[in-house]
Structure formats: structure tokens, C-alpha cells
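What follows is data.txt (compact mmCIF, C-alpha atoms).
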```txt
# COMPACT_ATOMS: atom_id res chain seq x y z
CA MET A 26 7.61 -3.82 -15.61
CA SER A 27 4.86 -3.34 -13.13
CA ASP A 28 4.34 -5.39 -10.02
CA ILE A 29 0.68 -5.81 -9.00
CA GLN A 30 0.12 -5.91 -5.22
CA VAL A 31 -3.25 -6.89 -3.78
CA HIS A 32 -4.74 -6.77 -0.29
CA ARG A 33 -8.10 -6.36 1.45
CA THR A 34 -8.87 -3.77 4.09
CA ASP A 35 -10.65 -4.52 7.37
CA HIS A 36 -13.76 -3.03 5.75
CA GLY A 37 -13.77 -5.57 2.92
CA ILE A 38 -12.40 -3.23 0.26
CA GLY A 39 -9.96 -4.67 -2.26
CA VAL A 40 -6.87 -2.56 -2.83
CA VAL A 41 -4.81 -3.18 -5.97
CA THR A 42 -1.49 -1.35 -6.26
CA PRO A 43 0.38 -1.45 -9.59
CA VAL A 44 4.00 -0.54 -8.88
CA GLY A 45 6.04 0.91 -11.75
CA ARG A 46 4.90 1.22 -15.35
CA LEU A 47 1.38 0.14 -16.26
CA THR A 48 1.56 -0.57 -20.00
CA MET A 49 0.69 -3.44 -22.34
CA VAL A 50 2.98 -5.70 -20.27
CA ALA A 51 1.09 -5.27 -16.99
CA ALA A 52 -2.44 -4.55 -18.21
CA LYS A 53 -3.59 -8.17 -18.25
CA PRO A 54 -2.26 -8.99 -14.75
CA LEU A 55 -4.09 -5.92 -13.44
CA THR A 56 -7.39 -7.02 -14.96
CA GLU A 57 -6.84 -10.54 -13.64
CA ALA A 58 -6.16 -9.22 -10.14
CA VAL A 59 -9.45 -7.28 -10.12
CA VAL A 60 -11.42 -10.21 -11.55
CA ALA A 61 -9.93 -12.52 -8.89
CA LEU A 62 -11.05 -10.14 -6.13
CA VAL A 63 -14.59 -9.99 -7.53
CA ASP A 64 -14.72 -13.76 -7.95
CA GLN A 65 -13.76 -14.07 -4.27
CA GLY A 66 -16.63 -11.78 -3.28
CA THR A 67 -14.85 -8.43 -3.12
CA SER A 68 -16.55 -6.13 -5.62
CA LYS A 69 -15.53 -2.80 -4.14
CA VAL A 70 -12.02 -2.22 -5.39
CA VAL A 71 -9.60 0.71 -5.15
CA VAL A 72 -6.72 0.86 -7.59
CA ASP A 73 -3.98 2.78 -5.79
CA LEU A 74 -2.02 4.57 -8.53
CA GLY A 75 0.36 6.31 -6.16
CA GLU A 76 3.18 3.93 -7.10
CA THR A 77 2.33 3.88 -10.82
CA THR A 78 5.01 5.86 -12.62
CA PHE A 79 3.42 5.65 -16.08
CA ILE A 80 0.14 4.47 -17.58
CA ASP A 81 -0.75 3.98 -21.24
CA SER A 82 -3.96 3.17 -23.11
CA SER A 83 -3.58 -0.55 -22.34
CA GLY A 84 -3.46 0.27 -18.63
CA LEU A 85 -6.55 2.45 -19.01
CA GLY A 86 -8.29 -0.40 -20.82
CA ALA A 87 -7.50 -2.70 -17.90
CA LEU A 88 -9.01 -0.18 -15.45
CA ILE A 89 -12.18 0.04 -17.55
CA ALA A 90 -12.40 -3.76 -17.81
CA GLY A 91 -12.02 -3.99 -14.03
CA LEU A 92 -14.61 -1.25 -13.50
CA LYS A 93 -17.16 -3.11 -15.63
CA ARG A 94 -16.50 -6.39 -13.81
CA CYS A 95 -16.95 -4.76 -10.37
CA ARG A 96 -20.18 -3.02 -11.41
CA GLN A 97 -21.58 -6.26 -12.86
CA ALA A 98 -21.12 -7.72 -9.38
CA GLY A 99 -22.87 -4.77 -7.72
CA GLY A 100 -19.70 -3.00 -6.64
CA ASP A 101 -17.45 -0.35 -8.10
CA LEU A 102 -13.83 0.34 -9.00
CA ARG A 103 -12.30 3.64 -8.00
CA ILE A 104 -8.83 5.06 -8.39
CA ALA A 105 -6.73 6.86 -5.82
CA ARG A 106 -3.52 8.89 -5.63
CA PRO A 107 -2.95 9.44 -9.36
CA THR A 108 0.34 10.97 -10.41
CA GLU A 109 0.42 13.95 -12.75
CA GLN A 110 1.01 11.68 -15.76
CA VAL A 111 -2.02 9.53 -14.87
CA THR A 112 -4.18 12.65 -14.44
CA THR A 113 -3.05 13.93 -17.84
CA VAL A 114 -3.89 10.63 -19.55
CA LEU A 115 -7.33 10.51 -17.93
CA ARG A 116 -8.06 14.04 -19.15
CA LEU A 117 -6.82 13.43 -22.71
CA THR A 118 -8.95 10.28 -23.02
CA ASN A 119 -12.08 11.86 -21.42
CA LEU A 120 -12.02 9.19 -18.70
CA ASP A 121 -11.72 11.59 -15.77
CA LYS A 122 -15.50 11.48 -15.30
CA VAL A 123 -15.88 7.71 -15.20
CA LEU A 124 -12.65 7.23 -13.24
CA THR A 125 -12.71 10.15 -10.82
CA PRO A 126 -9.49 10.22 -8.83
CA ARG A 127 -9.60 10.17 -5.02
CA ALA A 128 -6.85 11.76 -2.98
CA THR A 129 -6.36 8.73 -0.73
CA VAL A 130 -7.25 5.04 -0.69
CA ASP A 131 -9.32 5.52 2.48
CA GLU A 132 -11.49 8.19 0.81
CA ALA A 133 -12.37 5.98 -2.17
CA PHE A 134 -15.31 4.22 -0.46
CA MET B 17 22.69 21.35 -31.58
CA ALA B 18 20.66 18.15 -32.01
CA THR B 19 21.64 14.93 -30.32
CA ALA B 20 20.34 11.54 -31.45
CA HIS B 21 19.71 8.39 -29.46
CA GLU B 22 19.29 5.27 -31.57
CA ALA B 23 18.39 1.64 -30.94
CA VAL B 24 16.90 -1.32 -32.76
CA LEU B 25 14.06 -2.91 -30.81
CA VAL B 26 11.91 -5.97 -31.39
CA ALA B 27 8.18 -5.43 -31.93
CA ARG B 28 7.10 -7.23 -28.75
CA PRO B 29 5.45 -6.02 -25.53
CA GLU B 30 8.59 -6.47 -23.41
CA ASP B 31 10.47 -3.98 -25.55
CA ILE B 32 8.16 -1.18 -24.42
CA GLU B 33 10.30 -1.33 -21.27
CA VAL B 34 13.46 -0.98 -23.36
CA LEU B 35 11.94 1.98 -25.18
CA GLN B 36 10.99 3.72 -21.95
CA ASP B 37 14.47 3.13 -20.53
CA MET B 38 15.79 4.72 -23.72
CA VAL B 39 13.54 7.73 -23.15
CA ALA B 40 14.74 8.00 -19.54
CA ALA B 41 18.35 8.04 -20.81
CA LEU B 42 17.39 10.77 -23.27
CA TRP B 43 16.08 12.97 -20.43
CA ASP B 44 19.26 12.34 -18.44
CA ALA B 45 21.23 13.62 -21.44
CA GLU B 46 18.80 16.51 -22.05
CA PRO B 47 17.85 17.90 -18.64
CA GLY B 48 16.51 21.09 -20.22
CA VAL B 49 13.37 19.42 -21.62
CA GLY B 50 10.42 20.39 -19.40
CA GLY B 51 8.33 17.92 -17.44
CA THR B 52 5.13 18.45 -19.40
CA ASP B 53 6.90 17.96 -22.71
CA ARG B 54 8.57 14.80 -21.40
CA THR B 55 5.23 13.37 -20.39
CA ARG B 56 3.52 14.27 -23.67
CA PHE B 57 6.33 12.84 -25.77
CA GLU B 58 6.68 9.58 -23.84
CA MET B 59 2.91 8.95 -23.88
CA ALA B 60 2.69 9.37 -27.65
CA LEU B 61 5.83 7.35 -28.34
CA VAL B 62 4.69 4.41 -26.19
CA GLU B 63 1.30 4.35 -27.93
CA ILE B 64 2.85 4.35 -31.41
CA PHE B 65 5.30 1.59 -30.50
CA ALA B 66 2.49 -0.45 -28.91
CA ASN B 67 0.49 -0.04 -32.11
CA VAL B 68 3.41 -1.41 -34.14
CA VAL B 69 3.65 -4.34 -31.67
CA GLU B 70 -0.06 -5.12 -32.00
CA HIS B 71 0.03 -5.11 -35.78
CA SER B 72 3.22 -7.13 -35.84
CA GLU B 73 1.62 -9.82 -33.72
CA ARG B 74 -1.41 -9.92 -35.98
CA ALA B 75 0.62 -10.00 -39.19
CA HIS B 76 2.93 -12.83 -38.20
CA GLY B 77 0.83 -14.86 -35.78
CA GLY B 78 3.99 -16.40 -34.34
CA PRO B 79 7.08 -15.23 -32.50
CA PRO B 80 7.64 -11.50 -32.91
CA VAL B 81 10.39 -10.94 -35.43
CA ARG B 82 9.70 -7.45 -36.70
CA ARG B 83 12.54 -5.06 -35.89
CA VAL B 84 11.87 -1.42 -35.17
CA ALA B 85 14.65 1.14 -35.57
CA VAL B 86 14.06 3.97 -33.12
CA THR B 87 15.76 7.36 -33.35
CA LEU B 88 15.13 10.03 -30.72
CA THR B 89 16.34 13.58 -31.26
CA VAL B 90 16.20 16.75 -29.22
CA ASP B 91 16.97 20.23 -30.43
CA GLU B 92 16.04 23.70 -29.21
CA GLU B 93 12.65 23.58 -30.90
CA GLN B 94 11.34 20.06 -30.51
CA VAL B 95 11.67 16.47 -29.34
CA GLN B 96 11.16 13.94 -32.09
CA ALA B 97 11.00 10.17 -32.49
CA VAL B 98 11.22 8.25 -35.75
CA LEU B 99 10.23 4.57 -35.79
CA VAL B 100 11.04 2.55 -38.88
CA ASP B 101 10.04 -1.06 -39.46
CA ASP B 102 9.82 -3.31 -42.50
CA GLY B 103 6.50 -4.91 -41.67
CA ARG B 104 3.28 -4.86 -43.62
CA PRO B 105 1.74 -1.47 -44.37
CA ALA B 106 -0.30 -0.06 -41.51
CA ALA B 107 -3.90 0.54 -42.59
CA VAL B 108 -4.39 3.75 -40.66
CA ASP B 109 -5.79 7.19 -41.33
CA LEU B 110 -4.50 9.39 -38.53
CA SER B 111 -6.80 12.24 -39.54
CA ALA B 112 -9.82 10.01 -38.86
CA VAL B 113 -8.73 8.71 -35.43
CA THR B 114 -11.28 9.37 -32.68
CA MET B 115 -11.43 8.60 -28.97
CA PRO B 116 -13.76 5.64 -28.31
CA ASP B 117 -16.62 5.68 -25.79
CA GLU B 118 -15.73 5.68 -22.14
CA ASP B 119 -16.68 2.02 -21.62
CA ALA B 120 -14.35 0.75 -24.36
CA THR B 121 -11.50 -1.43 -23.11
CA SER B 122 -9.26 -0.80 -26.14
CA GLY B 123 -8.82 1.47 -29.14
CA ARG B 124 -7.54 4.62 -27.39
CA GLY B 125 -3.87 4.36 -28.32
CA LEU B 126 -3.61 6.34 -31.53
CA ALA B 127 -6.16 8.90 -30.37
CA LEU B 128 -4.13 9.43 -27.19
CA ALA B 129 -0.91 9.80 -29.19
CA VAL B 130 -2.50 12.38 -31.50
CA ALA B 131 -3.95 14.28 -28.53
CA ALA B 132 -0.69 14.27 -26.55
CA VAL B 133 1.77 15.79 -29.03
CA ASP B 134 1.85 18.34 -31.82
CA ASP B 135 2.16 15.91 -34.70
CA VAL B 136 2.03 12.18 -35.40
CA ASP B 137 2.82 11.14 -38.94
CA TYR B 138 2.75 7.79 -40.73
CA GLN B 139 4.31 7.17 -44.13
CA ARG B 140 4.65 4.01 -46.18
CA ASP B 141 8.00 4.46 -47.86
CA GLY B 142 8.78 1.63 -50.28
CA ASP B 143 8.94 -1.50 -48.10
CA ILE B 144 9.11 0.29 -44.78
CA ASN B 145 6.73 1.95 -42.34
CA ARG B 146 7.90 5.25 -40.90
CA TRP B 147 6.21 6.80 -37.87
CA THR B 148 7.25 10.27 -36.72
CA VAL B 149 6.24 11.72 -33.34
CA THR B 150 6.93 15.44 -32.90
CA CYS B 151 6.57 17.37 -29.65
CA ARG B 152 7.37 21.07 -29.84
CA ARG B 153 9.07 22.25 -26.67
CA THR B 154 6.92 24.52 -24.55
CA ALA B 155 9.33 25.21 -21.71
```

Could you render the structure from this file as C-alpha cells?
Amino acid sequence: MSDIQVHRTDHGIGVVTPVGRLTMVAAKPLTEAVVALVDQGTSKVVVDLGETTFIDSSGLGALIAGLKRCRQAGGDLRIARPTEQVTTVLRLTNLDKVLTPRATVDEAF
Amino acid sequence: MATAHEAVLVARPEDIEVLQDMVAALWDAEPGVGGTDRTRFEMALVEIFANVVEHSERAHGGPPVRRVAVTLTVDEEQVQAVLVDDGRPAAVDLSAVTMPDEDATSGRGLALAVAAVDDVDYQRDGDINRWTVTCRRTA
């Protein structure tokens, strides 16, 4: 089970950190967390995947849903600190171009 | 010498956690399986189980009652999972599965499973569905 942590930086960037496994169980809470940030006026969002031990296609779908929501609001969603498993999944699904990993949260925007 | 790990799960999202804990126990028992093979196998297995969960929810429309018997085996050549359930037939052609466009928010599961491991097989056998995930060991 993943725990979704959310905070905003001093620069107005939303940082969402899924801790643990990001599968069908946690995909909806992740999307909801991003949508809530956008609805509150924060449309630049970093999903910090450094604490995400495993991601599946549902988790990827949640990232894409969040990305679309941020871009609709004039912002963007970027990912940071992917583990090897996350990088592998992005490559196998051809999503490494649309979700280009950043090495750190600070480098994302 | 093959070892088998078996469990009967319920076709519901929460049991993905149970399945992944089962996989973690398998790796504890089989420390010789390489990291890449572990990742490939777990990714495919989770996607296949999630697919069974999705179709179970659609078929019944109520509380999830479909049971899924999971058997995991490791030998010198491969890691394999067999998932057996008695639900409705799965209308799937694994040879025709393709990865959706990059802006799709769903529909990647089976394509990811097929891409991750060496073989994914589905058979309707009498009244049961049988999924087999095979990952040949590379290390």
C-alpha cells in the first residue's frame, strides 16, 4: 500500500511523493492528490518517485492523468528520482519521452 | 530442483499487495534469481493479476468473490507463475495486444506484461481460466 505525501515548495511547486508500491490500490489517490493541487492553483507538480518501490500500469495511468490535468491548467507534471524498476517500466511502455525523469526534485522545474 | 509457492487470493485490488508479498517471500527463498529477472517477473505477474481483478469486477458488478489460485515456481531455467480462476472466459488475444498512445490513461497492462517477460499465455480450460507467466532466467 502506498502512502501519498504532498507539500508545496517555497517556489510554488507541488511535490507529490508516493511511498511504497504504486499499483491499482494507490493510483486513484495519486491522481486525486495532483488534481487537488491544480484546483488550489498549483499546476507545476513534481512526482518524487524516490520512495516508490514499485509502479504498475495503473500507476503510470495516474501519472498521465495528472500530467494532462496540469497541462490543461497551463502547468506541467514532471517526475524525479525514479528507481530502476520505474525506469524500466517507462522504457517498456514508451513513456520515457513524455515523462522524462529528473535526477532531483529541485531540478524538475 | 523446483520449489513451489502457492496461495489462493481474492480477485480484488487489495490482494495485489498479498501477491507482491508472496513474490517477496519467493525471492527470500530463492536468492539466486537476479535483480532484472525479479523485476521483469513481478511486473508481468502484477499486470496479469490486475487484469483478472478488473474483469472480475466487471463480470460480477458486486463484491469481489472470484478466487485466484496462484502458484509460483523457480527452477534453474525459469521463474513461472500460474494463475487459475473459475470466472468467465477472458476475451483476449495476447498476440494482438499493443501499447496504447502515450496520452492514454489505461490499457497498458497486458502490453507491459508481454513486453516484460518471455511468455504470457492464456488458456480457457473447461470452466477455468489459466494464465501462465514465464520469465527465463538471464543471470

Tell me which of B:Glu22, B:Glu58, B:Asp137, B:Asp91 sits closest to chain A, counting all atoms listed in the file.
B:Glu58

Taking all listed atoms of range 80-96 of chain A, build the axis-aligned box, pad each of the six sides by 3 Å, then write its centre and edge lengths in Å to one decimal as JSON.
```
{"center_x": -10.0, "center_y": -1.0, "center_z": -16.7, "size_x": 26.3, "size_y": 16.9, "size_z": 18.7}
```

Please compute the CA of Thr89 in chain B-CA of Phe79 in chain A distance, one decimal, in Å.
21.5 Å

At most 12 Å is the cut-off: for each residue in chain A with any atom that close to an atom of chain B, write down the nearest atom pair and the distance in Å rounded to one decimal, counting all atoms listed in the file, chain first then increasing number, as a Markdown table.
```
| residue | atom | partner | partner_atom | distance |
| --- | --- | --- | --- | --- |
| A:Met26 | CA | B:Glu33 | CA | 6.7 |
| A:Ser27 | CA | B:Glu33 | CA | 10.0 |
| A:Gly45 | CA | B:Glu33 | CA | 10.7 |
| A:Arg46 | CA | B:Glu33 | CA | 8.4 |
| A:Leu47 | CA | B:Glu33 | CA | 10.3 |
| A:Thr48 | CA | B:Ile32 | CA | 8.0 |
| A:Met49 | CA | B:Pro29 | CA | 6.3 |
| A:Val50 | CA | B:Pro29 | CA | 5.8 |
| A:Ala51 | CA | B:Pro29 | CA | 9.6 |
| A:Ala52 | CA | B:Thr121 | CA | 10.8 |
| A:Lys53 | CA | B:Thr121 | CA | 11.5 |
| A:Thr56 | CA | B:Thr121 | CA | 10.7 |
| A:Thr78 | CA | B:Thr55 | CA | 10.8 |
| A:Phe79 | CA | B:Met59 | CA | 8.5 |
| A:Ile80 | CA | B:Met59 | CA | 8.2 |
| A:Asp81 | CA | B:Met59 | CA | 6.7 |
| A:Ser82 | CA | B:Gly125 | CA | 5.3 |
| A:Ser83 | CA | B:Ser122 | CA | 6.8 |
| A:Gly84 | CA | B:Thr121 | CA | 9.4 |
| A:Leu85 | CA | B:Thr121 | CA | 7.5 |
| A:Gly86 | CA | B:Thr121 | CA | 4.1 |
| A:Ala87 | CA | B:Thr121 | CA | 6.7 |
| A:Leu88 | CA | B:Thr121 | CA | 8.2 |
| A:Ile89 | CA | B:Thr121 | CA | 5.8 |
| A:Ala90 | CA | B:Thr121 | CA | 5.9 |
| A:Gly91 | CA | B:Thr121 | CA | 9.4 |
| A:Leu92 | CA | B:Asp119 | CA | 9.0 |
| A:Lys93 | CA | B:Asp119 | CA | 7.9 |
| A:Arg94 | CA | B:Asp119 | CA | 11.5 |
| A:Arg96 | CA | B:Asp119 | CA | 11.9 |
| A:Thr108 | CA | B:Thr55 | CA | 11.4 |
| A:Glu109 | CA | B:Thr55 | CA | 9.0 |
| A:Gln110 | CA | B:Thr55 | CA | 6.5 |
| A:Val111 | CA | B:Thr55 | CA | 9.9 |
| A:Thr112 | CA | B:Thr55 | CA | 11.2 |
| A:Thr113 | CA | B:Thr55 | CA | 8.7 |
| A:Val114 | CA | B:Leu128 | CA | 7.7 |
| A:Leu115 | CA | B:Leu128 | CA | 9.9 |
| A:Arg116 | CA | B:Leu128 | CA | 10.1 |
| A:Leu117 | CA | B:Ala131 | CA | 6.5 |
| A:Thr118 | CA | B:Leu128 | CA | 6.4 |
| A:Asn119 | CA | B:Glu118 | CA | 7.2 |
| A:Leu120 | CA | B:Glu118 | CA | 6.2 |
| A:Asp121 | CA | B:Glu118 | CA | 9.6 |
| A:Lys122 | CA | B:Glu118 | CA | 9.0 |
| A:Val123 | CA | B:Glu118 | CA | 7.2 |
| A:Leu124 | CA | B:Glu118 | CA | 9.5 |
```

Those selected residues, please, written with C-alpha atoms and delivered as a PDB file, in the frame of the given file.
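What follows is the written file result-v6.pdb:
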```pdb
ATOM      1  CA  MET A  26       7.610  -3.820 -15.610  1.00  0.00           C
ATOM      2  CA  SER A  27       4.860  -3.340 -13.130  1.00  0.00           C
ATOM      3  CA  GLY A  45       6.040   0.910 -11.750  1.00  0.00           C
ATOM      4  CA  ARG A  46       4.900   1.220 -15.350  1.00  0.00           C
ATOM      5  CA  LEU A  47       1.380   0.140 -16.260  1.00  0.00           C
ATOM      6  CA  THR A  48       1.560  -0.570 -20.000  1.00  0.00           C
ATOM      7  CA  MET A  49       0.690  -3.440 -22.340  1.00  0.00           C
ATOM      8  CA  VAL A  50       2.980  -5.700 -20.270  1.00  0.00           C
ATOM      9  CA  ALA A  51       1.090  -5.270 -16.990  1.00  0.00           C
ATOM     10  CA  ALA A  52      -2.440  -4.550 -18.210  1.00  0.00           C
ATOM     11  CA  LYS A  53      -3.590  -8.170 -18.250  1.00  0.00           C
ATOM     12  CA  THR A  56      -7.390  -7.020 -14.960  1.00  0.00           C
ATOM     13  CA  THR A  78       5.010   5.860 -12.620  1.00  0.00           C
ATOM     14  CA  PHE A  79       3.420   5.650 -16.080  1.00  0.00           C
ATOM     15  CA  ILE A  80       0.140   4.470 -17.580  1.00  0.00           C
ATOM     16  CA  ASP A  81      -0.750   3.980 -21.240  1.00  0.00           C
ATOM     17  CA  SER A  82      -3.960   3.170 -23.110  1.00  0.00           C
ATOM     18  CA  SER A  83      -3.580  -0.550 -22.340  1.00  0.00           C
ATOM     19  CA  GLY A  84      -3.460   0.270 -18.630  1.00  0.00           C
ATOM     20  CA  LEU A  85      -6.550   2.450 -19.010  1.00  0.00           C
ATOM     21  CA  GLY A  86      -8.290  -0.400 -20.820  1.00  0.00           C
ATOM     22  CA  ALA A  87      -7.500  -2.700 -17.900  1.00  0.00           C
ATOM     23  CA  LEU A  88      -9.010  -0.180 -15.450  1.00  0.00           C
ATOM     24  CA  ILE A  89     -12.180   0.040 -17.550  1.00  0.00           C
ATOM     25  CA  ALA A  90     -12.400  -3.760 -17.810  1.00  0.00           C
ATOM     26  CA  GLY A  91     -12.020  -3.990 -14.030  1.00  0.00           C
ATOM     27  CA  LEU A  92     -14.610  -1.250 -13.500  1.00  0.00           C
ATOM     28  CA  LYS A  93     -17.160  -3.110 -15.630  1.00  0.00           C
ATOM     29  CA  ARG A  94     -16.500  -6.390 -13.810  1.00  0.00           C
ATOM     30  CA  ARG A  96     -20.180  -3.020 -11.410  1.00  0.00           C
ATOM     31  CA  THR A 108       0.340  10.970 -10.410  1.00  0.00           C
ATOM     32  CA  GLU A 109       0.420  13.950 -12.750  1.00  0.00           C
ATOM     33  CA  GLN A 110       1.010  11.680 -15.760  1.00  0.00           C
ATOM     34  CA  VAL A 111      -2.020   9.530 -14.870  1.00  0.00           C
ATOM     35  CA  THR A 112      -4.180  12.650 -14.440  1.00  0.00           C
ATOM     36  CA  THR A 113      -3.050  13.930 -17.840  1.00  0.00           C
ATOM     37  CA  VAL A 114      -3.890  10.630 -19.550  1.00  0.00           C
ATOM     38  CA  LEU A 115      -7.330  10.510 -17.930  1.00  0.00           C
ATOM     39  CA  ARG A 116      -8.060  14.040 -19.150  1.00  0.00           C
ATOM     40  CA  LEU A 117      -6.820  13.430 -22.710  1.00  0.00           C
ATOM     41  CA  THR A 118      -8.950  10.280 -23.020  1.00  0.00           C
ATOM     42  CA  ASN A 119     -12.080  11.860 -21.420  1.00  0.00           C
ATOM     43  CA  LEU A 120     -12.020   9.190 -18.700  1.00  0.00           C
ATOM     44  CA  ASP A 121     -11.720  11.590 -15.770  1.00  0.00           C
ATOM     45  CA  LYS A 122     -15.500  11.480 -15.300  1.00  0.00           C
ATOM     46  CA  VAL A 123     -15.880   7.710 -15.200  1.00  0.00           C
ATOM     47  CA  LEU A 124     -12.650   7.230 -13.240  1.00  0.00           C
TER      48      LEU A 124
END
```

Can you pull out every residue within 10 Å of Val95 in chain B, counting all atoms listed in the file, but drop anything in the same chain fewer than 4 positions away, and send it as number ranges by chain?
B: 18, 49, 53-54, 57, 88-91, 133, 149-153

Protein/DNA/RNA residues near (-15.2, -4.8, 5.3), cut 12 Å, all atoms listed in the file, as a compact mmCIF listing (two decimals) with C-alpha atoms, in the frame of the given file:
```
# COMPACT_ATOMS: atom_id res chain seq x y z
CA ARG A 33 -8.10 -6.36 1.45
CA THR A 34 -8.87 -3.77 4.09
CA ASP A 35 -10.65 -4.52 7.37
CA HIS A 36 -13.76 -3.03 5.75
CA GLY A 37 -13.77 -5.57 2.92
CA ILE A 38 -12.40 -3.23 0.26
CA GLY A 39 -9.96 -4.67 -2.26
CA VAL A 40 -6.87 -2.56 -2.83
CA GLY A 66 -16.63 -11.78 -3.28
CA THR A 67 -14.85 -8.43 -3.12
CA SER A 68 -16.55 -6.13 -5.62
CA LYS A 69 -15.53 -2.80 -4.14
CA VAL A 70 -12.02 -2.22 -5.39
CA PHE A 134 -15.31 4.22 -0.46
```

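Here CA of Gly99 in chain A is placed at a distance of 17.1 Å from CA of Val72 in chain A.
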
Best match for closeness to Val24 in chain B among B:Asp143, B:Val39, B:Val84, B:Glu73, counting only C-alpha atoms
B:Val84

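CA of His32 in chain A to CA of Gln97 in chain A spans 21.0 Å [interatomic distance, one decimal].
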
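Considering all atoms listed in the file, the residue among B:Asp44, B:Arg140, B:Ala20, B:Leu99 positioned nearest to Leu61 in chain B is B:Leu99.
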